Amino acid sequence: MSARRYDVVVVGSGAGGGTVAQALATLVREGVRVLVLEQGPRFSAAEFTGREREMAGALYHDSGGFLTADGTMTLAFAHAYGGSTLVYTGTSLPAPERVIRRWAVPGLDHGDLARRCARYLGENNAHLLSPAELNDNNRLFAAGARAAGYVAEQFPVNVRGCKGSSLCNLGCPNDAKQGTNRVQLPAAERSGVEVVTRAEVLRIEADRSLTVRVSEAAPGAKGHPSEWVPGVHQVIARMVIVAAGAIGSPALLLRSSLPLPRALGRGFTCHPALILVAAHPRPITNDVGHPKSYFVDRAADERFVLETCMYFPFTTAKAITGFGDSHAALMRDFTNLQMILLLACDRAVADNRVAVDAAGRPVVHYRFTEETIGGLVAGTRASARIFFGAGAERVLAPFADPPVLDRSASGDIDSRITRRGWLPGTITVSAAHLMGGCAMGRDASDSVTDAWGVVHGLPWLRVADASLFPDGLEINPYVTIMALADRVAEGARRDLAALAD
Amino acid sequence: MARLARARSVFRAIAVTVVPAAAALDDGAWRDLEAIVEDEIAKRPARVQRQILALLRAIDFLPLARYGRRFSALDRARRTRFLHALEHAPVLLLRRGFWGIRTLVLMGYYARPAAATAIGYRADARGWEARR
């Protein structure tokens, strides 16, 4: 098997890898060979049918149902040209100063990150939607929050020509979201960066070679074929930048025969989320319009963030606690449903970690801390207040027994929704903001990389994605990932010449 | 339907308890529902497939001790009580198992286009334009 040689190989093409690809594209003119390897396929917008099961199967790892080791939470992440930027809603917030200060990474300054965030917010056309573009589901959230005494802020979203399909999480059928698949990767390719899809990196060796398995498209499957011939390929690089996400990056490094810091895989964090619903007495516009326009940020005080959301029939059915008549009654009221996504803000603990099994597949060990459960309970109470404040008649409150509250319970929210109702395995908890595992820090005793994503002790190996986060971010992470990846690319440009072939 | 066929009666009994409207499905709709579930089970490792079938059989036989009848022979109220007990079982493994079966049933039922239409779900790639 003959090896292909590149100067820089980027593993992954999401918010991190796509950003690095574009930021290194200027080097191509100087003769530097840059390769991006993406595990998933390249899709066309026309392939995004909006059909829930079909698209979940095509875009998400395990159809979006990847389970933590104890089976109490599912984690959603995509494999595609553009990574998880294909399936986010495009909500665009810069890194919060309080969080970056708490991270306390030597050499990482909030001002520097903020400048980079601002650049990518502009590049991705992040802006506030006009009032005419908002649907009832979003307007009711803002009104309910005001009535309940919360401050609802509007999300900037990174869309161009959004038609309001509401299908963001299944891939935008109108190419409106400005993910890396629309902005950074095409720009990088126009400049000569090579992107190879359906290419899974199995291992990285100490001699800087990568073993890459290129897969054939299954008959009838969505997505373009790979740019390379299916089979196992050997790639040799001067520098490797791993940006395969908070599960993929630690798992790849754990599979590799490298002298890596003991912190690798540890400190995995996420935003454990509940999809909460409430029925209004009349139909509302919910499955048309951008799904996510407002949020309430209580992360600093109560460890939760509430966001507007709208999900699809099966996802909604799965999120509604219980079964039988009460469950069916809420589903029958689908046209009247208001939805809130409750994100708990967890903190990094060493035991929450990414590992690999005997076959090298990722395994995520995650235990809910009391603080995280507290955030879920407090957020459920706040959501109930917002729902009732908006005029809802019945509210799903998973910690209550029975889990559906009617208006007569609106004065008893604190006593009906309590910690006693938390029983893992009975409530559908999912997370899409996956972070940590290759944390930045001071040295190999406390982290995996430095503040520029350079793996301690291996200057040719870098990380450029959410796995760098040493702790939870408390907001939607993609802009922060891009800002950090931009730093990693800057460091790579600076250091590449010094790395021998 | 090779896998599910071996536990069809208990699967259908669970399905109509989890989603009461499933009782009104005709043969074609049941085939659609079960094809989705079968396909989903087929994606899992062989070990997990065996666990799912074992759990379905266990759900069928466990009520014998308490009610003297298999799950598939119980009336609706007793089925509901039994599944509720399983859903809140003290052992995480049982709760997880029920959550998984419930998820399969909900997927089979609500991932069908007919079910989405029946509840009024109308998302369309044309967005606002489709509503005018």
# chains A, B, ... in the order shown; residues from 1 in each chain; ligands from 1
call {"tool": "interface_residues", "arguments": {"of": "chain A", "to": "chain B", "cutoff": "6 Å", "atoms": "only C-alpha atoms", "output": "number ranges by chain"}}
result
A: 163-165, 173, 287-288, 313-314, 323-324, 332, 334-335, 425
call {"tool": "write_last_selection", "arguments": {"atoms": "C-alpha atoms", "output": "CSV table (one decimal), in the first residue's frame"}}
result
chain,number,residue,atom,x,y,z
A,163,LYS,CA,-37.8,29.9,4.1
A,164,GLY,CA,-38.8,28.8,7.6
A,165,SER,CA,-39.0,25.0,6.8
A,173,PRO,CA,-33.5,21.7,2.4
A,287,ASP,CA,-43.8,23.5,12.5
A,288,VAL,CA,-43.2,26.4,10.2
A,313,PRO,CA,-43.3,13.6,15.6
A,314,PHE,CA,-41.2,10.7,16.8
A,323,PHE,CA,-47.3,6.3,27.7
A,324,GLY,CA,-50.9,5.6,27.1
A,332,ARG,CA,-53.0,14.6,19.3
A,334,PHE,CA,-49.5,18.5,18.1
A,335,THR,CA,-50.8,21.6,16.3
A,425,GLY,CA,-34.1,5.7,32.7
call {"tool": "residues_around", "arguments": {"residues": "Asp39 (chain B)", "least_positions_apart": "5", "cutoff": "12 Å", "atoms": "only C-alpha atoms", "output": "ChimeraX atom specification"}}
result
/A:53-54,57 /B:1-4,31-34,44,49,104,107-108
call {"tool": "atom_distance", "arguments": {"atom1": "CA of Ala497 (chain A)", "atom2": "CA of Val34 (chain A)"}}
result
13.9 Å
call {"tool": "select_by_dssp", "arguments": {"residues": "region 53-241 of chain A", "states": "strand (DSSP E)", "output": "PyMOL selection string"}}
result
chain A and resi 66-67+74-75+153-154+194-196+199-204+209-214+231-241
call {"tool": "write_last_selection", "arguments": {"atoms": "N, CA and C atoms", "output": "CSV table (one decimal), in the first residue's frame"}}
result
chain,number,residue,atom,x,y,z
A,66,PHE,N,-27.2,7.6,20.0
A,66,PHE,CA,-26.0,7.0,20.6
A,66,PHE,C,-26.2,7.1,22.2
A,67,LEU,N,-26.1,6.0,22.8
A,67,LEU,CA,-26.4,6.0,24.3
A,67,LEU,C,-25.1,6.1,25.1
A,74,THR,N,-29.0,10.0,25.5
A,74,THR,CA,-28.6,9.8,24.2
A,74,THR,C,-27.8,11.1,23.8
A,75,LEU,N,-26.8,10.9,22.9
A,75,LEU,CA,-26.0,12.0,22.4
A,75,LEU,C,-26.1,12.1,20.9
A,153,GLU,N,-34.0,36.6,25.5
A,153,GLU,CA,-33.1,37.3,24.5
A,153,GLU,C,-33.3,36.6,23.2
A,154,GLN,N,-33.1,37.4,22.1
A,154,GLN,CA,-33.2,36.8,20.8
A,154,GLN,C,-31.9,36.3,20.3
A,194,GLU,N,-7.8,19.9,-0.3
A,194,GLU,CA,-8.4,18.6,-0.7
A,194,GLU,C,-9.3,18.1,0.4
A,195,VAL,N,-10.5,17.8,0.1
A,195,VAL,CA,-11.5,17.3,1.1
A,195,VAL,C,-11.9,15.9,0.6
A,196,VAL,N,-11.7,14.9,1.5
A,196,VAL,CA,-12.1,13.5,1.1
A,196,VAL,C,-13.2,13.1,2.1
A,199,ALA,N,-14.3,9.1,4.7
A,199,ALA,CA,-12.9,8.7,5.1
A,199,ALA,C,-12.8,8.7,6.6
A,200,GLU,N,-12.8,7.5,7.2
A,200,GLU,CA,-12.7,7.4,8.7
A,200,GLU,C,-11.2,7.2,9.0
A,201,VAL,N,-10.7,8.0,9.9
A,201,VAL,CA,-9.3,7.7,10.4
A,201,VAL,C,-9.4,6.7,11.5
A,202,LEU,N,-8.7,5.6,11.3
A,202,LEU,CA,-8.8,4.5,12.3
A,202,LEU,C,-7.7,4.7,13.4
A,203,ARG,N,-6.5,5.2,13.0
A,203,ARG,CA,-5.4,5.3,13.9
A,203,ARG,C,-4.4,6.4,13.4
A,204,ILE,N,-3.7,7.0,14.4
A,204,ILE,CA,-2.6,7.8,14.1
A,204,ILE,C,-1.4,7.2,14.7
A,209,SER,N,1.8,8.8,10.6
A,209,SER,CA,1.1,8.2,9.5
A,209,SER,C,-0.4,7.9,10.0
A,210,LEU,N,-1.3,8.0,9.2
A,210,LEU,CA,-2.7,7.8,9.5
A,210,LEU,C,-3.3,6.6,8.7
A,211,THR,N,-4.0,5.7,9.4
A,211,THR,CA,-4.6,4.7,8.7
A,211,THR,C,-6.1,5.1,8.4
A,212,VAL,N,-6.5,5.2,7.2
A,212,VAL,CA,-7.8,5.7,6.8
A,212,VAL,C,-8.6,4.7,6.1
A,213,ARG,N,-9.8,4.5,6.5
A,213,ARG,CA,-10.7,3.6,5.8
A,213,ARG,C,-11.8,4.4,5.0
A,214,VAL,N,-11.7,4.2,3.7
A,214,VAL,CA,-12.7,4.9,2.9
A,214,VAL,C,-13.8,3.9,2.6
A,231,GLY,N,-11.6,1.5,0.5
A,231,GLY,CA,-10.5,0.6,0.9
A,231,GLY,C,-9.7,1.3,2.0
A,232,VAL,N,-8.6,0.7,2.4
A,232,VAL,CA,-7.8,1.3,3.5
A,232,VAL,C,-6.6,2.0,2.8
A,233,HIS,N,-6.4,3.2,3.3
A,233,HIS,CA,-5.3,4.1,2.7
A,233,HIS,C,-4.4,4.5,3.8
A,234,GLN,N,-3.1,4.7,3.4
A,234,GLN,CA,-2.1,5.2,4.4
A,234,GLN,C,-1.8,6.7,4.0
A,235,VAL,N,-1.8,7.6,5.0
A,235,VAL,CA,-1.5,9.0,4.7
A,235,VAL,C,-0.4,9.4,5.7
A,236,ILE,N,0.5,10.1,5.2
A,236,ILE,CA,1.6,10.6,6.0
A,236,ILE,C,1.6,12.1,6.0
A,237,ALA,N,1.7,12.7,7.2
A,237,ALA,CA,1.6,14.2,7.4
A,237,ALA,C,2.8,14.7,8.2
A,238,ARG,N,3.0,16.0,7.9
A,238,ARG,CA,4.0,16.7,8.8
A,238,ARG,C,3.2,17.1,10.1
A,239,MET,N,2.0,17.5,9.9
A,239,MET,CA,1.2,18.0,11.0
A,239,MET,C,-0.2,17.4,10.9
A,240,VAL,N,-0.7,16.9,12.1
A,240,VAL,CA,-2.1,16.4,12.1
A,240,VAL,C,-2.9,17.2,13.0
A,241,ILE,N,-4.1,17.7,12.5
A,241,ILE,CA,-5.0,18.5,13.4
A,241,ILE,C,-6.3,17.7,13.5
call {"tool": "closest_residue", "arguments": {"among": "A:Ala143, A:Ala246, A:Ala218, A:Met55", "to": "Gly472 (chain A)", "atoms": "only C-alpha atoms"}}
result
A:Ala246
call {"tool": "residues_around", "arguments": {"residues": "Gln184 (chain A)", "least_positions_apart": "6", "cutoff": "7 Å", "atoms": "only C-alpha atoms", "output": "VMD selection string"}}
result
chain A and resid 18 to 19 22
call {"tool": "atom_distance", "arguments": {"atom1": "CA of Trp30 (chain B)", "atom2": "CA of Leu56 (chain B)"}}
result
17.5 Å
call {"tool": "residues_around", "arguments": {"residues": "region 351-365 of chain A", "least_positions_apart": "6", "cutoff": "9 Å", "atoms": "only C-alpha atoms", "output": "number ranges by chain"}}
result
A: 67-70, 202, 246-248, 250-252, 254-255, 264-269, 436-437
call {"tool": "closest_residue", "arguments": {"among": "A:Ala382, A:Val32, A:Ala299, A:Met440", "to": "Arg98 (chain A)", "atoms": "only C-alpha atoms"}}
result
A:Ala299
call {"tool": "select_by_dssp", "arguments": {"residues": "region 4-127 of chain B", "states": "helix (DSSP H, G or I)", "output": "PDB file with C-alpha atoms, in the first residue's frame"}}
result
ATOM      1  CA  LEU B   4     -40.250  -9.558  15.599  1.00  0.00           C
ATOM      2  CA  ALA B   5     -42.347 -12.445  14.306  1.00  0.00           C
ATOM      3  CA  ARG B   8     -45.400 -10.463  17.606  1.00  0.00           C
ATOM      4  CA  SER B   9     -48.339 -10.976  19.951  1.00  0.00           C
ATOM      5  CA  VAL B  10     -46.621  -9.462  22.975  1.00  0.00           C
ATOM      6  CA  PHE B  11     -45.110  -6.669  20.867  1.00  0.00           C
ATOM      7  CA  ARG B  12     -48.549  -5.694  19.560  1.00  0.00           C
ATOM      8  CA  ALA B  13     -50.004  -5.908  23.076  1.00  0.00           C
ATOM      9  CA  ILE B  14     -47.305  -3.525  24.318  1.00  0.00           C
ATOM     10  CA  ALA B  15     -47.766  -1.248  21.303  1.00  0.00           C
ATOM     11  CA  VAL B  16     -51.492  -0.736  21.850  1.00  0.00           C
ATOM     12  CA  THR B  17     -50.842  -0.057  25.540  1.00  0.00           C
ATOM     13  CA  VAL B  18     -48.155   2.534  24.810  1.00  0.00           C
ATOM     14  CA  PRO B  20     -53.796   3.287  22.333  1.00  0.00           C
ATOM     15  CA  ALA B  21     -54.567   4.536  18.802  1.00  0.00           C
ATOM     16  CA  ALA B  22     -52.500   1.652  17.429  1.00  0.00           C
ATOM     17  CA  ALA B  23     -55.464  -0.630  18.216  1.00  0.00           C
ATOM     18  CA  ALA B  24     -57.254   0.930  15.254  1.00  0.00           C
ATOM     19  CA  ASP B  27     -53.040  -4.835   8.618  1.00  0.00           C
ATOM     20  CA  GLY B  28     -51.136  -2.618   6.209  1.00  0.00           C
ATOM     21  CA  ALA B  29     -50.429  -0.023   8.890  1.00  0.00           C
ATOM     22  CA  TRP B  30     -49.238  -2.732  11.293  1.00  0.00           C
ATOM     23  CA  ARG B  31     -46.901  -4.003   8.588  1.00  0.00           C
ATOM     24  CA  ASP B  32     -45.496  -0.487   8.161  1.00  0.00           C
ATOM     25  CA  LEU B  33     -45.065  -0.058  11.908  1.00  0.00           C
ATOM     26  CA  GLU B  34     -43.391  -3.412  12.368  1.00  0.00           C
ATOM     27  CA  ALA B  35     -41.152  -2.912   9.339  1.00  0.00           C
ATOM     28  CA  ILE B  36     -39.784   0.246  10.956  1.00  0.00           C
ATOM     29  CA  VAL B  37     -39.205  -1.529  14.266  1.00  0.00           C
ATOM     30  CA  GLU B  38     -37.693  -4.557  12.554  1.00  0.00           C
ATOM     31  CA  ASP B  39     -35.338  -2.347  10.570  1.00  0.00           C
ATOM     32  CA  GLU B  40     -34.289  -0.500  13.712  1.00  0.00           C
ATOM     33  CA  ILE B  41     -33.636  -3.745  15.589  1.00  0.00           C
ATOM     34  CA  ALA B  42     -31.628  -5.083  12.645  1.00  0.00           C
ATOM     35  CA  ALA B  46     -26.643  -9.301  17.595  1.00  0.00           C
ATOM     36  CA  ARG B  47     -26.250  -9.167  21.387  1.00  0.00           C
ATOM     37  CA  VAL B  48     -28.681  -6.242  21.651  1.00  0.00           C
ATOM     38  CA  GLN B  49     -31.124  -7.937  19.264  1.00  0.00           C
ATOM     39  CA  ARG B  50     -31.164 -10.982  21.551  1.00  0.00           C
ATOM     40  CA  GLN B  51     -31.694  -8.734  24.577  1.00  0.00           C
ATOM     41  CA  ILE B  52     -34.674  -7.028  22.963  1.00  0.00           C
ATOM     42  CA  LEU B  53     -36.348 -10.332  22.145  1.00  0.00           C
ATOM     43  CA  ALA B  54     -35.587 -11.680  25.613  1.00  0.00           C
ATOM     44  CA  LEU B  55     -37.134  -8.599  27.191  1.00  0.00           C
ATOM     45  CA  LEU B  56     -40.252  -8.892  25.046  1.00  0.00           C
ATOM     46  CA  ARG B  57     -40.640 -12.512  26.149  1.00  0.00           C
ATOM     47  CA  ALA B  58     -40.007 -11.566  29.766  1.00  0.00           C
ATOM     48  CA  ILE B  59     -42.703  -8.889  29.573  1.00  0.00           C
ATOM     49  CA  ASP B  60     -45.083 -11.527  28.269  1.00  0.00           C
ATOM     50  CA  PHE B  61     -44.370 -14.084  30.997  1.00  0.00           C
ATOM     51  CA  PRO B  63     -47.365 -11.111  34.684  1.00  0.00           C
ATOM     52  CA  LEU B  64     -48.107 -14.833  35.141  1.00  0.00           C
ATOM     53  CA  ALA B  65     -46.815 -14.604  38.689  1.00  0.00           C
ATOM     54  CA  ARG B  66     -49.068 -11.722  39.624  1.00  0.00           C
ATOM     55  CA  TYR B  67     -52.129 -12.042  37.406  1.00  0.00           C
ATOM     56  CA  PHE B  71     -49.181  -9.958  29.264  1.00  0.00           C
ATOM     57  CA  SER B  72     -50.772 -10.442  25.867  1.00  0.00           C
ATOM     58  CA  ALA B  73     -53.851 -11.968  27.583  1.00  0.00           C
ATOM     59  CA  ARG B  76     -55.869  -2.917  29.153  1.00  0.00           C
ATOM     60  CA  ALA B  77     -55.898  -1.685  32.764  1.00  0.00           C
ATOM     61  CA  ARG B  78     -53.657  -4.500  33.956  1.00  0.00           C
ATOM     62  CA  ARG B  79     -51.304  -4.094  31.014  1.00  0.00           C
ATOM     63  CA  THR B  80     -51.000  -0.412  31.844  1.00  0.00           C
ATOM     64  CA  ARG B  81     -50.333  -1.135  35.534  1.00  0.00           C
ATOM     65  CA  PHE B  82     -47.709  -3.717  34.659  1.00  0.00           C
ATOM     66  CA  LEU B  83     -45.852  -1.462  32.206  1.00  0.00           C
ATOM     67  CA  HIS B  84     -46.047   1.433  34.656  1.00  0.00           C
ATOM     68  CA  ALA B  85     -44.391  -0.793  37.283  1.00  0.00           C
ATOM     69  CA  LEU B  86     -41.694  -1.740  34.785  1.00  0.00           C
ATOM     70  CA  GLU B  87     -41.174   1.901  33.820  1.00  0.00           C
ATOM     71  CA  LEU B  92     -32.102   0.594  36.243  1.00  0.00           C
ATOM     72  CA  LEU B  93     -31.690  -2.274  33.797  1.00  0.00           C
ATOM     73  CA  LEU B  94     -35.454  -2.892  33.754  1.00  0.00           C
ATOM     74  CA  ARG B  95     -36.277   0.815  33.428  1.00  0.00           C
ATOM     75  CA  ARG B  96     -33.814   1.119  30.555  1.00  0.00           C
ATOM     76  CA  GLY B  97     -35.241  -1.965  28.927  1.00  0.00           C
ATOM     77  CA  PHE B  98     -38.767  -0.614  29.044  1.00  0.00           C
ATOM     78  CA  TRP B  99     -37.564   2.785  27.801  1.00  0.00           C
ATOM     79  CA  GLY B 100     -35.982   1.044  24.818  1.00  0.00           C
ATOM     80  CA  ILE B 101     -39.107  -0.958  23.946  1.00  0.00           C
ATOM     81  CA  ARG B 102     -41.263   2.141  24.389  1.00  0.00           C
ATOM     82  CA  THR B 103     -38.910   4.047  22.068  1.00  0.00           C
ATOM     83  CA  LEU B 104     -39.222   1.354  19.403  1.00  0.00           C
ATOM     84  CA  VAL B 105     -43.010   1.416  19.620  1.00  0.00           C
ATOM     85  CA  LEU B 106     -43.141   5.215  19.413  1.00  0.00           C
ATOM     86  CA  MET B 107     -40.761   5.182  16.458  1.00  0.00           C
ATOM     87  CA  GLY B 108     -42.771   2.524  14.657  1.00  0.00           C
ATOM     88  CA  TYR B 109     -45.996   4.431  15.205  1.00  0.00           C
ATOM     89  CA  TYR B 110     -45.023   8.093  14.841  1.00  0.00           C
ATOM     90  CA  PRO B 113     -46.040   9.513   7.459  1.00  0.00           C
ATOM     91  CA  ALA B 114     -49.691   8.604   8.090  1.00  0.00           C
ATOM     92  CA  ALA B 115     -49.270   9.142  11.834  1.00  0.00           C
ATOM     93  CA  ALA B 116     -47.537  12.485  11.290  1.00  0.00           C
ATOM     94  CA  THR B 117     -50.399  13.608   9.078  1.00  0.00           C
ATOM     95  CA  ALA B 118     -52.979  12.366  11.574  1.00  0.00           C
TER      96      ALA B 118
END
call {"tool": "atom_distance", "arguments": {"atom1": "CA of His110 (chain A)", "atom2": "CA of Ala95 (chain A)"}}
result
7.9 Å
call {"tool": "residues_around", "arguments": {"residues": "region 188-192 of chain A", "least_positions_apart": "2", "cutoff": "12 Å", "atoms": "only C-alpha atoms", "output": "JSON, numbers by chain"}}
result
{"A": [13, 17, 18, 19, 20, 21, 22, 23, 24, 25, 26, 27, 28, 29, 30, 31, 32, 33, 34, 35, 36, 180, 181, 182, 183, 184, 185, 186, 194, 195, 196]}
call {"tool": "write_last_selection", "arguments": {"atoms": "N, CA and C atoms", "output": "PDB file, in the first residue's frame"}}
result
ATOM      1  N   SER A  13     -14.583  17.796   9.564  1.00  0.00           N
ATOM      2  CA  SER A  13     -14.881  18.984   8.753  1.00  0.00           C
ATOM      3  C   SER A  13     -16.030  19.805   9.330  1.00  0.00           C
ATOM      4  N   GLY A  17     -12.941  21.583  12.160  1.00  0.00           N
ATOM      5  CA  GLY A  17     -12.156  21.193  10.983  1.00  0.00           C
ATOM      6  C   GLY A  17     -12.407  22.096   9.787  1.00  0.00           C
ATOM      7  N   GLY A  18     -13.655  22.497   9.591  1.00  0.00           N
ATOM      8  CA  GLY A  18     -13.974  23.376   8.473  1.00  0.00           C
ATOM      9  C   GLY A  18     -13.286  24.726   8.617  1.00  0.00           C
ATOM     10  N   THR A  19     -13.230  25.224   9.839  1.00  0.00           N
ATOM     11  CA  THR A  19     -12.574  26.506  10.095  1.00  0.00           C
ATOM     12  C   THR A  19     -11.076  26.401   9.838  1.00  0.00           C
ATOM     13  N   VAL A  20     -10.474  25.333  10.341  1.00  0.00           N
ATOM     14  CA  VAL A  20      -9.034  25.139  10.132  1.00  0.00           C
ATOM     15  C   VAL A  20      -8.732  25.034   8.635  1.00  0.00           C
ATOM     16  N   ALA A  21      -9.588  24.300   7.914  1.00  0.00           N
ATOM     17  CA  ALA A  21      -9.360  24.111   6.478  1.00  0.00           C
ATOM     18  C   ALA A  21      -9.295  25.451   5.761  1.00  0.00           C
ATOM     19  N   GLN A  22     -10.264  26.309   6.064  1.00  0.00           N
ATOM     20  CA  GLN A  22     -10.279  27.617   5.400  1.00  0.00           C
ATOM     21  C   GLN A  22      -9.084  28.470   5.837  1.00  0.00           C
ATOM     22  N   ALA A  23      -8.789  28.432   7.133  1.00  0.00           N
ATOM     23  CA  ALA A  23      -7.715  29.285   7.658  1.00  0.00           C
ATOM     24  C   ALA A  23      -6.340  28.853   7.132  1.00  0.00           C
ATOM     25  N   LEU A  24      -6.202  27.585   6.754  1.00  0.00           N
ATOM     26  CA  LEU A  24      -4.914  27.123   6.211  1.00  0.00           C
ATOM     27  C   LEU A  24      -4.856  27.210   4.692  1.00  0.00           C
ATOM     28  N   ALA A  25      -5.984  27.577   4.085  1.00  0.00           N
ATOM     29  CA  ALA A  25      -6.049  27.561   2.619  1.00  0.00           C
ATOM     30  C   ALA A  25      -5.034  28.511   1.982  1.00  0.00           C
ATOM     31  N   THR A  26      -4.712  29.590   2.682  1.00  0.00           N
ATOM     32  CA  THR A  26      -3.751  30.548   2.110  1.00  0.00           C
ATOM     33  C   THR A  26      -2.387  29.895   1.905  1.00  0.00           C
ATOM     34  N   LEU A  27      -2.101  28.853   2.700  1.00  0.00           N
ATOM     35  CA  LEU A  27      -0.797  28.186   2.588  1.00  0.00           C
ATOM     36  C   LEU A  27      -0.684  27.375   1.301  1.00  0.00           C
ATOM     37  N   VAL A  28      -1.842  27.002   0.747  1.00  0.00           N
ATOM     38  CA  VAL A  28      -1.816  26.158  -0.453  1.00  0.00           C
ATOM     39  C   VAL A  28      -1.103  26.884  -1.589  1.00  0.00           C
ATOM     40  N   ARG A  29      -1.320  28.207  -1.660  1.00  0.00           N
ATOM     41  CA  ARG A  29      -0.647  28.997  -2.709  1.00  0.00           C
ATOM     42  C   ARG A  29       0.873  28.923  -2.591  1.00  0.00           C
ATOM     43  N   GLU A  30       1.329  28.665  -1.344  1.00  0.00           N
ATOM     44  CA  GLU A  30       2.783  28.575  -1.118  1.00  0.00           C
ATOM     45  C   GLU A  30       3.278  27.142  -1.302  1.00  0.00           C
ATOM     46  N   GLY A  31       2.405  26.278  -1.780  1.00  0.00           N
ATOM     47  CA  GLY A  31       2.828  24.908  -2.059  1.00  0.00           C
ATOM     48  C   GLY A  31       2.574  23.928  -0.933  1.00  0.00           C
ATOM     49  N   VAL A  32       1.901  24.386   0.126  1.00  0.00           N
ATOM     50  CA  VAL A  32       1.599  23.491   1.249  1.00  0.00           C
ATOM     51  C   VAL A  32       0.391  22.622   0.881  1.00  0.00           C
ATOM     52  N   ARG A  33       0.510  21.330   1.106  1.00  0.00           N
ATOM     53  CA  ARG A  33      -0.570  20.405   0.761  1.00  0.00           C
ATOM     54  C   ARG A  33      -1.435  20.144   2.007  1.00  0.00           C
ATOM     55  N   VAL A  34      -2.717  20.515   1.894  1.00  0.00           N
ATOM     56  CA  VAL A  34      -3.633  20.382   3.033  1.00  0.00           C
ATOM     57  C   VAL A  34      -4.753  19.409   2.647  1.00  0.00           C
ATOM     58  N   LEU A  35      -4.990  18.444   3.518  1.00  0.00           N
ATOM     59  CA  LEU A  35      -6.023  17.429   3.284  1.00  0.00           C
ATOM     60  C   LEU A  35      -6.999  17.427   4.455  1.00  0.00           C
ATOM     61  N   VAL A  36      -8.286  17.380   4.142  1.00  0.00           N
ATOM     62  CA  VAL A  36      -9.319  17.206   5.173  1.00  0.00           C
ATOM     63  C   VAL A  36      -9.941  15.828   4.976  1.00  0.00           C
ATOM     64  N   THR A 180     -20.269  25.159   8.049  1.00  0.00           N
ATOM     65  CA  THR A 180     -18.982  25.055   7.342  1.00  0.00           C
ATOM     66  C   THR A 180     -19.165  24.399   5.972  1.00  0.00           C
ATOM     67  N   ASN A 181     -20.239  23.620   5.803  1.00  0.00           N
ATOM     68  CA  ASN A 181     -20.497  23.006   4.491  1.00  0.00           C
ATOM     69  C   ASN A 181     -20.868  24.051   3.439  1.00  0.00           C
ATOM     70  N   ARG A 182     -21.345  25.208   3.900  1.00  0.00           N
ATOM     71  CA  ARG A 182     -21.760  26.256   2.962  1.00  0.00           C
ATOM     72  C   ARG A 182     -20.706  27.344   2.814  1.00  0.00           C
ATOM     73  N   VAL A 183     -19.924  27.600   3.866  1.00  0.00           N
ATOM     74  CA  VAL A 183     -19.046  28.778   3.858  1.00  0.00           C
ATOM     75  C   VAL A 183     -17.567  28.376   3.820  1.00  0.00           C
ATOM     76  N   GLN A 184     -17.071  27.792   4.902  1.00  0.00           N
ATOM     77  CA  GLN A 184     -15.623  27.625   5.044  1.00  0.00           C
ATOM     78  C   GLN A 184     -15.065  26.507   4.152  1.00  0.00           C
ATOM     79  N   LEU A 185     -15.758  25.371   4.090  1.00  0.00           N
ATOM     80  CA  LEU A 185     -15.206  24.262   3.298  1.00  0.00           C
ATOM     81  C   LEU A 185     -15.187  24.570   1.796  1.00  0.00           C
ATOM     82  N   PRO A 186     -16.279  25.106   1.232  1.00  0.00           N
ATOM     83  CA  PRO A 186     -16.197  25.457  -0.193  1.00  0.00           C
ATOM     84  C   PRO A 186     -15.084  26.469  -0.468  1.00  0.00           C
ATOM     85  N   GLU A 194      -7.754  19.859  -0.255  1.00  0.00           N
ATOM     86  CA  GLU A 194      -8.415  18.636  -0.712  1.00  0.00           C
ATOM     87  C   GLU A 194      -9.301  18.098   0.416  1.00  0.00           C
ATOM     88  N   VAL A 195     -10.543  17.826   0.098  1.00  0.00           N
ATOM     89  CA  VAL A 195     -11.458  17.264   1.098  1.00  0.00           C
ATOM     90  C   VAL A 195     -11.891  15.878   0.609  1.00  0.00           C
ATOM     91  N   VAL A 196     -11.701  14.886   1.451  1.00  0.00           N
ATOM     92  CA  VAL A 196     -12.097  13.519   1.113  1.00  0.00           C
ATOM     93  C   VAL A 196     -13.161  13.071   2.116  1.00  0.00           C
TER      94      VAL A 196
END
call {"tool": "residues_around", "arguments": {"residues": "Leu306 (chain A)", "least_positions_apart": "6", "cutoff": "7 Å", "atoms": "only C-alpha atoms", "output": "list of chain:residue names"}}
result
A:Phe295, A:Val296, A:Asp297, A:Ile340, A:Leu341, A:Leu342, A:Leu343
call {"tool": "write_last_selection", "arguments": {"atoms": "C-alpha atoms", "output": "PDB file, in the first residue's frame"}}
result
ATOM      1  CA  PHE A 295     -33.501  31.934  24.942  1.00  0.00           C
ATOM      2  CA  VAL A 296     -33.486  32.552  28.686  1.00  0.00           C
ATOM      3  CA  ASP A 297     -30.011  32.308  30.179  1.00  0.00           C
ATOM      4  CA  ILE A 340     -38.975  24.529  25.063  1.00  0.00           C
ATOM      5  CA  LEU A 341     -35.555  22.908  25.060  1.00  0.00           C
ATOM      6  CA  LEU A 342     -34.127  22.872  28.574  1.00  0.00           C
ATOM      7  CA  LEU A 343     -30.338  22.636  28.656  1.00  0.00           C
TER       8      LEU A 343
END
call {"tool": "decode", "arguments": {"residues": "region 154-159 of chain A", "atoms": "C-alpha atoms", "output": "short mmCIF file (atom, residue, chain, number, x, y, z; two decimals), in the first residue's frame"}}
result
data_model
loop_
_atom_site.label_atom_id
_atom_site.label_comp_id
_atom_site.auth_asym_id
_atom_site.auth_seq_id
_atom_site.Cartn_x
_atom_site.Cartn_y
_atom_site.Cartn_z
CA GLN A 154 -33.25 36.83 20.80
CA PHE A 155 -30.72 34.51 19.17
CA PRO A 156 -28.74 35.71 16.18
CA VAL A 157 -28.98 32.95 13.57
CA ASN A 158 -26.62 32.35 10.66
CA VAL A 159 -29.05 31.98 7.77
#
